[in-house]
Amino acid sequence: MPEAKKLSVIMPLLNEEQILEQSVTELAEKLDEVVGPQCWQLVPVDNGSTDKTPEILEQIKKKWPNTLNLRLEEKNIGKAMKHGLLNAEYPIAMILPLDEFDSSFLTWAWENTEKYDLILGSKRVDPTMIKQPPYRRLLSWGLNSLLQLSLQNVTADTHGAKLVKLATVRPHIEKTVISRGQFDTELTLRVLRAGLWVAEVPVSHEELRPPRNLMLTKIGRNIVDLIRLNFVMKDVEYKDHVRYHRFCIDDLNSLTEK
């Protein structure tokens with residue numbers, strides 16, 4: 001019999017003590033159901049937590065010994081995601097911010113790992129599924145509009161959960177230079193320009209904790225990172241036609257309801 005597919009779940013963490021244990025428990029139950037027991041590993045990447053997150057992670061590792069706990073001292077979500085991807089031990093990886101787990105996305109993405117190199121969980125494909133304050137929606141709209149205008153990005157969203165086929169995407173992970181909030185934007189652009197297959201599907205989202213940064217601070221950082229991103233990507237040309245599919249929630253439900 002062929003060897004079972006295996007999944008590494010990359011979780012960038014920063015001061016998550018309030019939601020960490022419950023979120024991981026719910027995630028583990030779904031991973032057992034969808035991926036299969038003993039076929040997945042958690043790869044939490046703590047980037048500078050000052051609360052009880054590290055202690056909770058030790059308890060999580062005792063419960064799920066296959067867990068690979070990683071730590072960076074710097075508060076940088078982009079570096080945390082990249083570090084987790086490059087240290088993942090299984091051939092398929094999922095980037096999963098702790099407050100963005102969507103079981104329909106996991107089920108659909110896992111069933112389509114052979115078809116796509118990168119599957120994006122998008123908070124902007126279906127606005128009926130998102131519960132965010134108006135200013136957060138405005139910030140997301142402005143950022144993604146600039147990406148589409150200045151970098152010819154075809155996706156609605158580059159942040160959030162992702163399923164990654166490491167055999168084809170790893171070379172592009174290694175080439176990324178942008179960190180913080182635009183690491184996954186650069187990675188998505190590199191994958192698209194390489195002519196790899198990308199899918200974008202809607203995910204439900206509800207804020208589980210207050211925003212970590214003031215809106216003006218976030219806007220300033222994004223502007224700086226977008227300027228750098230335009231400079232980095234100016235010599236990364238399209239190798240072929242764009243290979244991109246976008247799906248709606250009915251496409252996901254048709255699979256999960258079987």
# chains A, B, ... in the order shown; residues from 1 in each chain; ligands from 1

$ residues_around --residues "range 102-108 of chain A" --least-positions-apart "6" --cutoff "9 Å" --atoms "only C-alpha atoms" --output "PyMOL selection string"
chain A and resi 27+30-31+34-35+94+121+161+163+201-205+249+251-253+255-256

$ closest_residue --among "A:Thr128, A:Asn47, A:Thr185, A:Asn87" --to "Cys248 in chain A" --atoms "only C-alpha atoms"
A:Thr128

$ residues_around --residues "Leu20 in chain A" --least-positions-apart "2" --cutoff "8 Å" --atoms "only C-alpha atoms" --output "VMD selection string"
chain A and resid 16 to 18 22 to 24 53 56 98

$ write_last_selection --atoms "N, CA and C atoms" --output "compact mmCIF listing (two decimals), in the first residue's frame"
# COMPACT_ATOMS: atom_id res chain seq x y z
N GLU A 16 -0.28 33.60 23.44
CA GLU A 16 -1.55 32.96 23.12
C GLU A 16 -2.13 32.16 24.29
N GLU A 17 -1.75 32.46 25.52
CA GLU A 17 -2.14 31.62 26.64
C GLU A 17 -3.66 31.49 26.80
N GLN A 18 -4.41 32.50 26.40
CA GLN A 18 -5.85 32.48 26.61
C GLN A 18 -6.57 31.51 25.68
N GLN A 22 -7.17 25.21 24.27
CA GLN A 22 -8.46 24.83 23.70
C GLN A 22 -8.40 24.76 22.18
N SER A 23 -7.73 25.73 21.57
CA SER A 23 -7.63 25.75 20.10
C SER A 23 -6.88 24.54 19.58
N VAL A 24 -5.78 24.17 20.23
CA VAL A 24 -5.00 23.01 19.78
C VAL A 24 -5.79 21.72 19.97
N THR A 53 2.64 31.01 27.30
CA THR A 53 2.61 30.22 26.07
C THR A 53 3.69 29.14 26.04
N ILE A 56 2.65 26.20 28.27
CA ILE A 56 1.53 25.45 27.68
C ILE A 56 2.02 24.58 26.53
N LEU A 98 -3.43 30.81 14.86
CA LEU A 98 -4.25 30.09 15.84
C LEU A 98 -5.72 30.49 15.81

$ select_by_dssp --residues "range 32-73 of chain A" --states "strand (DSSP E)" --output "number ranges by chain"
A: 40-47, 70-72

$ select_by_dssp --residues "range 48-207 of chain A" --states "alpha helix (DSSP H)" --output "PyMOL selection string"
chain A and resi 53-63+77-87+103-111+134-151+166-175+183-193

$ closest_residue --among "A:Phe183, A:Ile219, A:Ile227, A:Arg170" --to "Leu86 in chain A" --atoms "only C-alpha atoms"
A:Arg170

$ residues_around --residues "His245 in chain A" --least-positions-apart "6" --cutoff "10 Å" --atoms "only C-alpha atoms" --output "ChimeraX atom specification"
/A:116,119,155,197-201

$ write_last_selection --atoms "N, CA and C atoms" --output "PDB file, in the first residue's frame"
ATOM      1  N   TYR A 116      -2.895  21.147  -6.321  1.00  0.00           N
ATOM      2  CA  TYR A 116      -2.382  22.506  -6.143  1.00  0.00           C
ATOM      3  C   TYR A 116      -1.090  22.510  -5.342  1.00  0.00           C
ATOM      4  N   ILE A 119      -2.546  26.437  -1.527  1.00  0.00           N
ATOM      5  CA  ILE A 119      -3.979  26.699  -1.353  1.00  0.00           C
ATOM      6  C   ILE A 119      -4.131  27.782  -0.295  1.00  0.00           C
ATOM      7  N   THR A 155      -4.842  37.358  -6.539  1.00  0.00           N
ATOM      8  CA  THR A 155      -5.608  36.791  -5.434  1.00  0.00           C
ATOM      9  C   THR A 155      -6.313  37.890  -4.645  1.00  0.00           C
ATOM     10  N   TRP A 197       0.542  25.902  -9.466  1.00  0.00           N
ATOM     11  CA  TRP A 197      -0.908  25.938  -9.321  1.00  0.00           C
ATOM     12  C   TRP A 197      -1.302  26.484  -7.949  1.00  0.00           C
ATOM     13  N   VAL A 198      -2.184  27.485  -7.973  1.00  0.00           N
ATOM     14  CA  VAL A 198      -2.659  28.128  -6.746  1.00  0.00           C
ATOM     15  C   VAL A 198      -4.188  28.101  -6.724  1.00  0.00           C
ATOM     16  N   ALA A 199      -4.757  27.790  -5.561  1.00  0.00           N
ATOM     17  CA  ALA A 199      -6.205  27.866  -5.361  1.00  0.00           C
ATOM     18  C   ALA A 199      -6.489  28.821  -4.208  1.00  0.00           C
ATOM     19  N   GLU A 200      -7.625  29.477  -4.279  1.00  0.00           N
ATOM     20  CA  GLU A 200      -8.058  30.373  -3.200  1.00  0.00           C
ATOM     21  C   GLU A 200      -9.494  30.022  -2.821  1.00  0.00           C
ATOM     22  N   VAL A 201      -9.707  29.766  -1.542  1.00  0.00           N
ATOM     23  CA  VAL A 201     -11.035  29.359  -1.072  1.00  0.00           C
ATOM     24  C   VAL A 201     -11.429  30.210   0.130  1.00  0.00           C
TER      25      VAL A 201
END

$ atom_distance --atom1 "CA of Asn66 in chain A" --atom2 "CA of Lys6 in chain A"
12.1 Å

$ residues_around --residues "Glu186 in chain A" --least-positions-apart "4" --cutoff "8 Å" --atoms "only C-alpha atoms" --output "PyMOL selection string"
chain A and resi 176+178+182+190+229+233

$ atom_distance --atom1 "CA of Thr50 in chain A" --atom2 "CA of Asn15 in chain A"
6.3 Å

$ closest_residue --among "A:Leu196, A:Met129, A:Val43, A:Ile77" --to "Lys165 in chain A" --atoms "only C-alpha atoms"
A:Leu196

$ residues_around --residues "Arg71 in chain A" --least-positions-apart "6" --cutoff "12 Å" --atoms "only C-alpha atoms" --output "PyMOL selection string"
chain A and resi 11-14+43-49+53-54+57+77+79-81+83-84+87

$ closest_residue --among "A:Leu85, A:Val154, A:Ala28, A:Leu7" --to "Asp184 in chain A" --atoms "only C-alpha atoms"
A:Leu85
